[in-house]
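The next block holds one structure in the form of structure tokens; read it before the comments.
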Amino acid sequence: MAKTTFVFAGGGTGGHIYPGLAVADELRALAKEDSEEITIIWLGNAGGMDRELVEKSGSVDAFYGIPSGKLRRNFSFKNFIDLFKIGAGIFVSFFRLLQIKPAVLFSKGGFVSVTPCISAKLLGIPVYTHECDFTPGLATKINSRFATKILVSYEATKKYLPRAKGNKALVTGNPVRPAFYTADGERGRQFLFGDSRPEKPLLLVMGGSLGAHQINQLVQENLDWLCEHFTVVHQTGRADEAITNIQHAGYHPYAFIYKEMCDVIAAADVVLSRAGANAIWECAVLAKPMVLVPLCGSGTRGDQIDNAKFFVEQNAALMLLGDEADGGHLREALTKMESAEYRASASQACKNMTAGNRPAREIARIVYGEAK
């Protein structure tokens, strides 16, 4: 019997890749329950980190790079050049999909996902697209034009999608990798510290796979205070690796933590992070109190601010926004987090948001059902 093939499209950042891999893992688990064999193929950015992250995961059977042009909202000469890349992306993805003949295309967003969605629509292949952020990005708004279903993480997101009429838009939550539901804090502490155990609360600092220079600077400028009050584990990111050479009692820098990250988050008492949708939902699943420093300014559409505000409104996090992202406000927020009672309250708020909900499996059921 021929295998059913599913194509996943998306990339550009880990935030567009990891949630898709979570759905891929659940999709494979569903097929196994039905004693069916499936093939999962990923279409991603021909350059950048996409291939490395997808192939390293072991979640898909093959990765194919496609040309992709970035969709910019501001005027730039690069927009003209990228028009040719977009045209090439449509051409390559069209013939790749024609060759693969998938039952469904699942888009996880990012500029690289647009041309496969267009091509799938032209070929009559059902398109399912998912948006992690509170407010949809430009890629999702374009992809929604070609989608059979638009899957969103928040009920309020629907109002930003004018084409999401009737039952076309479904609220599924944000997909998180299955490993986060079996994460073990003791295993994380063993990875970080061996047989020793720190006496102070564990503060995990992270800013995505490439890091966040703003957060890294905050840590450097306040390192003495931070290490006086916390044991600090810091994923610096690959773009700011020089900070990993800093030696300070109670400070443990890593350029990047991959397969152990779910256990490391489980071990943390507090997380200091950007407000990317993927990262904060992973922390929420593990019931971690957060201090969020959302990316803001002219280089962003404000999606991280919206994500952070939602978590603050749920009493699951504190936020340092704009000019408040300084040493004084950081120390003030973390002083609150030193209270075990305060952390317990924020932790419970996270549990209230995620209890009984496994979005990656729900999304996999929807996509799998289309192919049945």
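How things are named: the first chain in the structure tokens is A, the next is B, and so on; residues count from 1 in each chain; ligands count from 1 in the order shown.
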### Message
When you look at A:Lys158 with a cut-off of 12 Å (counting only C-alpha atoms), what residues show up, excluding the ones that are within fewer than 3 positions of it in the same chain? I need them as a PyMOL selection string.
### Response
chain A and resi 130-131+133-136+140-141+144+150-155+161-172
### Task
Would you return as a ChimeraX atom specification the members of stretch 179-298 of chain A that DSSP assigns to helix (DSSP H, G or I) on this structure's backbone?
/A:179-181,185-193,213-221,223-229,238-245,261-267,277-285
### Using only C-alpha atoms: which of A:Cys132, A:Ser345, A:Val271, A:Tyr258 has the shortest distance to A:Gln304
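Under the stated criterion, the closest residue is A:Cys132.
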### Best match for closeness to A:Phe310 among A:Val270, A:Ala156, A:Leu286, A:Cys262, counting only C-alpha atoms
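Among the listed residues, A:Ala156 lies closest to A:Phe310.
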### Query
Quick one: distance from atom CA of A:His213 to atom CA of A:Asp323 in Å, one decimal?
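Atom CA of A:Asp323 lies at a distance of 15.3 Å from atom CA of A:His213.
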